[in-house]
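First up is the structure itself, then whatever we jot down about it.
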Amino acid sequence: MQSDVIKKGISRAPARAMLKATGLTDADLGKPLVAIANTWSDVTPCNLHLRGIAEKVREGVRAAGGTPIECNTIVISDGIAMGTEGMKGSLVSREVIADSIELFVRSHAFDAAVAVCGCDKTIPGTVMALARLNLPSLSLYGGSILPGHYHGHDVTIQDVFEAPGAYLTGRMSEKDVCELENVACPGPGACGGQFTANTMATAITFLGMSPMGANEIPAVDPSKAQAAIDCGKTVMELLRRDIRPKQIITPASLRNAITSVMATGGSTNAVLHLMAIARDAGVRLTLDEFDKLSVKTPILADLKPGGRFTAPDMFAAGGMRLLGKRLEEAGLLEEGMTSSGRKLLEEIREARETPNQQVIRPLSNPIKKDGGLAILRGSLAPEGSVVKLSGHERVFHAGPARVFDSEESCFQAVERREIKAGDVVVIRYEGPKGGPGMREMLAVTGALVGQGLGESIALVTDGRFSGATHGLMVGHVAPEAASGGPIALVRDGDRITVDVRARRLDVEANLDERRAHWKPPAPHYKSGVMAKYARLVSSASEGAVTNI
């Protein structure tokens with residue numbers, strides 16, 4: 001066992017003494033040591049329940065002959081930090097989560113690991129760490145929150161983000177907003193639509209790093225506890241068979257993960273996160289692969305934010321196995337090993353479809369025949385940008401630029417009702433370096449949609465979008481403004497064209513002339529984690545990673 005290096009021999013008596021002080025016995029130390037990396041916190045419903053889930057994982061490890069030892073790492077709640085300076089920490093936290101788990105497991109020479117995750121960045125962060133460590137391991141998602149109920153229909157946090165815009169236009173009263181916020185999040189679990197958390201939970205299942213059927217179980221469903229116990233047992237089987245992440249994370253499995261994102265109309269953040277996971281697994285993945293797979297993958301899942309249903313509805317309809325069955329029938333999945341110890345196609349052939357379900361469409365009736373996401377390039381984004389296409393958005397818009405150098409200044413303009421139909425809103429200096437941290441623009445996009453402008457404007461940014469964002473919104477523009485990208489040179493009134501079919505994002509302006517007068521802005525942070533991140537982080541077109 002790898003853990004023998006810290007626990008065997010006379011020289012290791014001090015280490016054993018400290019381990020025994022925690023309650024472990026000689027019998028416990030004679031077994032494989034399994035790290036349980038938990039992202040529990042009571043700051044957010046997404047991770048609120050993970051203490052209990054981790055305890056069930058520990059139960060499974062013990063039952064299968066291992067000794068579990070738990071650690072905790074951080075979570076940044078996007079839903080709470082959104083629209084504030086604190087949101088700059090969200091993407092940064094992905095790196096901190098991955099780094100902290102890697103340090104904990106490496107330093108204590110564990111034999112295997114299970115990572116328990118919930119909120120958006122905890123999911124890729126845990127898998128990045130497991131890929132680096134390359135020990136027998138898996139990641140378990142805590143599950144989706146159930147929908148709230150407001151005036152006779154299901155609601156999610158997306159509705160609350162759109163409420164301020166509705167209030168400003170008189171479509172909701174302050175009392176209505178308060179009533180909505182009181183019921184939108186009824187308990188534990190991550191945001192319920194196919195936003196970033198559920199998108200990534202789907203992606204890492206098809207990637208093979210979570211056992212099929214485990215992630216999709218809602219947070220408060222009674223069967224979640226047994227799934228956690230099973231994960232504890234499964235990691236011991238992976239250890240026995242010596243199945244490791246770099247055997248699971250391959251070019252083929254990454255294509256499967258991307259395909260699952262496209263088929264569910266998933267979050268644009270999946271592009272950043274899958275590229276980061278691929279890098280840590282030593283697999284080359286480029287933006288072009290996303291576009292290539294998008295073109296041939298139909299959108300089959302009718303999920304919020306663009307659709308009607310939530311993740312618990314998809315679970316009830318037949319879940320990821322049913323989605324996988326559809327994709328296999330279309331010839332869009334490739335075989336590969338999974339963290340259950342079984343092959344992916346073997347797993348999905350056990351799919352059971354709930355009669356008369358409407359969440360996962362048949363291949364003969366897709367929501368859209370192609371394109372969950374698209375990669376746009378052009379004079380405004382030479383290295384690429386990302387737009388979400390869940391089947392309901394316009395695919396062309398041209399109009400005058402309204403330029404803002406921060407999310408806050410744009411939101412103030414939205415509050416003043418200064419954005420007009422036809423505008424192209426440009427928010428810059430919010431990229432990985434410029435933010436730093438590449439904030440999501442949900443406060444802005446939600447307010448614009450709430451004002452009824454979602455179908456008549458476009459938004460372009462070097463920042464990110466929440467998975468709850470919908471409409472013609474183009475993010476991840478690269479090179480970013482802080483690196484002197486073309487988006488830094490745009491001025492109010494410049495005509496910007498977003499042409500999804502042509503895969504183009506262009507601006508009509510003499511950028512070369514303006515470039516001679518451009519100077520990089522002073523950094524927002526001169527010390528601490530944010531300054532370090534800004535110095536190290538790569539372009540969004542490379543996954544905004546720091547370990548390059």
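By convention in this document, the chains of the structure tokens carry letters A, B, ... by their order, each chain's residues are numbered from 1, and ligands are numbered from 1 in the order they are shown.
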
Spatial neighbours of Arg491 in chain A, max dist 9 Å, only C-alpha atoms, sep filter under 4 positions, as an NGL selection string: :A and (401-403 or 509)

Let's have the selection written as a JSON list (two decimals), in the first residue's frame, with C-alpha atoms.
[["chain", "number", "residue", "atom", "x", "y", "z"],
["A", 401, "ALA", "CA", -21.93, 48.81, -28.70],
["A", 402, "ARG", "CA", -22.67, 50.03, -25.17],
["A", 403, "VAL", "CA", -19.30, 49.63, -23.45],
["A", 509, "ALA", "CA", -13.74, 49.87, -36.18]]

Distance query range 148-152 of chain A at most 6 Å, only C-alpha atoms, self and fewer than 4 positions along chain excluded, as a PyMOL selection string: chain A and resi 183-186

Exercise: range 357-364 of chain A partners within 7 Å, only C-alpha atoms, chain neighbours under 3 positions left out, as a PyMOL selection string: chain A and resi 300-302+309+313-314+317+323+326+354

Please, could you write that set of residues out with C-alpha atoms as a PDB file, in the first residue's frame?
ATOM      1  CA  LEU A 300     -32.602  16.408 -26.270  1.00  0.00           C
ATOM      2  CA  ALA A 301     -33.186  17.549 -22.677  1.00  0.00           C
ATOM      3  CA  ASP A 302     -35.865  20.196 -22.110  1.00  0.00           C
ATOM      4  CA  PHE A 309     -37.885  21.200 -16.452  1.00  0.00           C
ATOM      5  CA  ASP A 313     -37.480  16.014 -13.353  1.00  0.00           C
ATOM      6  CA  MET A 314     -34.750  14.515 -15.544  1.00  0.00           C
ATOM      7  CA  ALA A 317     -37.795  10.647 -16.371  1.00  0.00           C
ATOM      8  CA  LEU A 323     -29.919  10.412 -22.097  1.00  0.00           C
ATOM      9  CA  ARG A 326     -30.449   8.286 -26.869  1.00  0.00           C
ATOM     10  CA  THR A 354     -40.616   6.545 -17.362  1.00  0.00           C
TER      11      THR A 354
END

DSSP-assigned strand (DSSP E or B) among range 263-336 of chain A, expressed as a list of chain:residue names: A:Ile299, A:Ala301, A:Leu303, A:Phe309

All helix (DSSP H, G or I) positions in range 159-231 of chain A, as a ChimeraX atom specification: /A:159-168,174-183,196-207,223-231

Keeping only C-alpha atoms, take the residues you just selected and write them out as a compact mmCIF listing (two decimals), in the first residue's frame.
# COMPACT_ATOMS: atom_id res chain seq x y z
CA ASP A 159 -36.35 33.35 -11.35
CA VAL A 160 -35.03 35.29 -8.35
CA PHE A 161 -32.16 36.73 -10.38
CA GLU A 162 -34.66 37.93 -12.99
CA ALA A 163 -36.97 39.44 -10.34
CA PRO A 164 -35.06 42.75 -9.86
CA GLY A 165 -35.49 43.52 -13.55
CA ALA A 166 -39.18 42.70 -13.33
CA TYR A 167 -39.45 44.97 -10.29
CA LEU A 168 -37.79 47.86 -12.13
CA GLU A 174 -41.38 44.42 -3.65
CA LYS A 175 -43.77 42.09 -1.85
CA ASP A 176 -43.77 39.74 -4.86
CA VAL A 177 -39.96 39.65 -4.90
CA CYS A 178 -39.83 38.90 -1.19
CA GLU A 179 -42.41 36.14 -1.56
CA LEU A 180 -40.45 34.60 -4.42
CA GLU A 181 -37.11 34.67 -2.58
CA ASN A 182 -38.75 32.96 0.39
CA VAL A 183 -39.79 29.90 -1.63
CA THR A 196 -23.26 24.94 -14.07
CA ALA A 197 -23.53 22.49 -11.16
CA ASN A 198 -25.91 20.07 -12.88
CA THR A 199 -24.10 20.56 -16.19
CA MET A 200 -20.81 19.51 -14.61
CA ALA A 201 -22.44 16.69 -12.65
CA THR A 202 -23.69 15.35 -15.99
CA ALA A 203 -20.33 15.92 -17.68
CA ILE A 204 -18.22 14.11 -15.08
CA THR A 205 -20.64 11.18 -15.14
CA PHE A 206 -20.20 10.79 -18.91
CA LEU A 207 -16.49 11.46 -18.43
CA SER A 223 -31.76 6.92 -2.11
CA LYS A 224 -28.87 9.43 -2.02
CA ALA A 225 -27.53 7.90 1.20
CA GLN A 226 -27.26 4.44 -0.35
CA ALA A 227 -25.57 5.90 -3.43
CA ALA A 228 -22.96 7.46 -1.13
CA ILE A 229 -22.40 4.15 0.66
CA ASP A 230 -22.02 2.46 -2.72
CA CYS A 231 -19.41 5.05 -3.76

For CA of Ile419 in chain A and CA of Gln451 in chain A, the interatomic separation in Å (one decimal): 9.9 Å

Spatial neighbours of range 367-376 of chain A, max dist 8 Å, only C-alpha atoms, sep filter under 3 positions, as a PyMOL selection string: chain A and resi 261-266+268+287-288+290-291+294-302+361+381+384-391+500+503-505

Quick one: contact table of range 10-108 of chain A to range 236-252 of chain A, 9 Å max, nearest atom pair and distance in Å to one decimal per residue, counting only C-alpha atoms, chain and number order, as CSV?
residue,atom,partner,partner_atom,distance
A:Pro32,CA,A:Met236,CA,8.6
A:Val34,CA,A:Met236,CA,8.5
A:Gly60,CA,A:Met236,CA,8.9
A:Val61,CA,A:Met236,CA,6.6
A:Ala64,CA,A:Met236,CA,6.3
A:Gly65,CA,A:Met236,CA,7.5
A:Gly66,CA,A:Met236,CA,7.0

Of the listed residues A:Met320, A:His517, A:Gly170, A:Ala13, that which approaches Gly452 in chain A most closely, counting only C-alpha atoms: A:Gly170

Neighbours of Ile6 in chain A within 9 Å (only C-alpha atoms; same-chain residues fewer than 6 positions away dropped), as a CSV table (one decimal) with C-alpha atoms, in the first residue's frame?
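Output (part03.csv):
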chain,number,residue,atom,x,y,z
A,12,ARG,CA,7.0,5.8,11.7
A,15,ALA,CA,3.1,9.2,12.8
A,16,ARG,CA,1.2,6.2,14.2
A,108,HIS,CA,-0.4,11.9,3.8
A,109,ALA,CA,0.2,9.2,1.1

d(CA of Glu430 in chain A, CA of Gly463 in chain A) in Å: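 These two atoms are separated by 4.7 Å.
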
Exercise: Asn72 in chain A partners within 10 Å, only C-alpha atoms, chain neighbours under 3 positions left out, as a ChimeraX atom specification: /A:36-41,51,75,97,100-101,104,115-116

Print the selection's residues with N, CA, C and O atoms to a file, as a compact mmCIF listing (two decimals), in the first residue's frame.
# COMPACT_ATOMS: atom_id res chain seq x y z
N ILE A 36 -11.30 11.13 2.16
CA ILE A 36 -12.62 11.63 1.81
C ILE A 36 -12.50 13.16 1.80
O ILE A 36 -12.43 13.80 2.85
N ALA A 37 -12.42 13.73 0.62
CA ALA A 37 -12.25 15.18 0.48
C ALA A 37 -13.63 15.81 0.35
O ALA A 37 -14.34 15.61 -0.64
N ASN A 38 -14.01 16.55 1.36
CA ASN A 38 -15.36 17.09 1.46
C ASN A 38 -15.36 18.59 1.20
O ASN A 38 -14.44 19.30 1.63
N THR A 39 -16.39 19.08 0.52
CA THR A 39 -16.53 20.52 0.29
C THR A 39 -17.71 21.07 1.09
O THR A 39 -18.33 22.05 0.70
N TRP A 40 -17.99 20.45 2.23
CA TRP A 40 -19.11 20.89 3.06
C TRP A 40 -18.93 22.33 3.54
O TRP A 40 -17.82 22.77 3.87
N SER A 41 -20.06 23.04 3.60
CA SER A 41 -20.12 24.35 4.25
C SER A 41 -21.58 24.66 4.51
O SER A 41 -22.45 24.21 3.75
N ARG A 51 -21.92 16.95 4.81
CA ARG A 51 -21.41 16.23 5.97
C ARG A 51 -22.04 14.85 6.06
O ARG A 51 -21.36 13.84 6.27
N VAL A 75 -15.66 26.33 -0.36
CA VAL A 75 -16.62 26.55 -1.43
C VAL A 75 -16.93 28.04 -1.46
O VAL A 75 -17.03 28.69 -0.41
N ILE A 97 -9.40 24.71 -4.52
CA ILE A 97 -9.97 23.40 -4.18
C ILE A 97 -9.07 22.28 -4.70
O ILE A 97 -8.72 21.34 -3.97
N SER A 100 -5.72 22.24 -2.81
CA SER A 100 -5.80 21.81 -1.41
C SER A 100 -6.03 20.30 -1.29
O SER A 100 -5.44 19.65 -0.42
N ILE A 101 -6.86 19.76 -2.16
CA ILE A 101 -7.07 18.30 -2.13
C ILE A 101 -5.79 17.58 -2.53
O ILE A 101 -5.39 16.59 -1.91
N PHE A 104 -3.39 17.67 0.44
CA PHE A 104 -3.80 16.81 1.55
C PHE A 104 -3.50 15.34 1.23
O PHE A 104 -2.92 14.62 2.05
N ALA A 115 -14.01 12.30 -3.56
CA ALA A 115 -14.27 13.72 -3.37
C ALA A 115 -15.76 13.96 -3.41
O ALA A 115 -16.46 13.46 -4.30
N VAL A 116 -16.27 14.70 -2.44
CA VAL A 116 -17.70 15.00 -2.34
C VAL A 116 -17.89 16.47 -2.66
O VAL A 116 -17.30 17.34 -2.02

Point-to-point distance from CA of Leu448 in chain A to CA of Val414 in chain A, Å rounded to tenths: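 Interatomic distance, CA of Leu448 in chain A to CA of Val414 in chain A: 7.0 Å.
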
Thr546 in chain A surroundings by only C-alpha atoms, 9 Å radius, close-in-sequence under 2 positions cut, as a PDB file with N, CA and C atoms, in the first residue's frame:
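The new file part29.pdb reads:
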ATOM      1  N   GLU A  95      -9.189  26.521  -8.453  1.00  0.00           N
ATOM      2  CA  GLU A  95      -7.770  26.186  -8.336  1.00  0.00           C
ATOM      3  C   GLU A  95      -7.405  25.874  -6.885  1.00  0.00           C
ATOM      4  N   TYR A 533      -3.118  34.903  -8.496  1.00  0.00           N
ATOM      5  CA  TYR A 533      -3.925  34.298  -9.556  1.00  0.00           C
ATOM      6  C   TYR A 533      -3.786  35.082 -10.862  1.00  0.00           C
ATOM      7  N   ARG A 535      -1.387  36.838 -11.898  1.00  0.00           N
ATOM      8  CA  ARG A 535      -0.059  36.631 -12.501  1.00  0.00           C
ATOM      9  C   ARG A 535       0.052  35.275 -13.181  1.00  0.00           C
ATOM     10  N   LEU A 536      -0.637  34.277 -12.654  1.00  0.00           N
ATOM     11  CA  LEU A 536      -0.440  32.900 -13.106  1.00  0.00           C
ATOM     12  C   LEU A 536      -1.455  32.424 -14.138  1.00  0.00           C
ATOM     13  N   VAL A 537      -2.640  33.010 -14.156  1.00  0.00           N
ATOM     14  CA  VAL A 537      -3.743  32.406 -14.907  1.00  0.00           C
ATOM     15  C   VAL A 537      -3.552  32.545 -16.414  1.00  0.00           C
ATOM     16  N   SER A 538      -3.983  31.507 -17.121  1.00  0.00           N
ATOM     17  CA  SER A 538      -3.915  31.496 -18.581  1.00  0.00           C
ATOM     18  C   SER A 538      -5.194  32.071 -19.176  1.00  0.00           C
ATOM     19  N   ALA A 544      -8.433  28.848 -18.496  1.00  0.00           N
ATOM     20  CA  ALA A 544      -8.146  29.720 -17.342  1.00  0.00           C
ATOM     21  C   ALA A 544      -7.503  28.925 -16.214  1.00  0.00           C
ATOM     22  N   ILE A 548       0.266  25.993 -15.729  1.00  0.00           N
ATOM     23  CA  ILE A 548       0.750  25.826 -17.100  1.00  0.00           C
ATOM     24  C   ILE A 548       2.277  25.850 -17.117  1.00  0.00           C
TER      25      ILE A 548
END
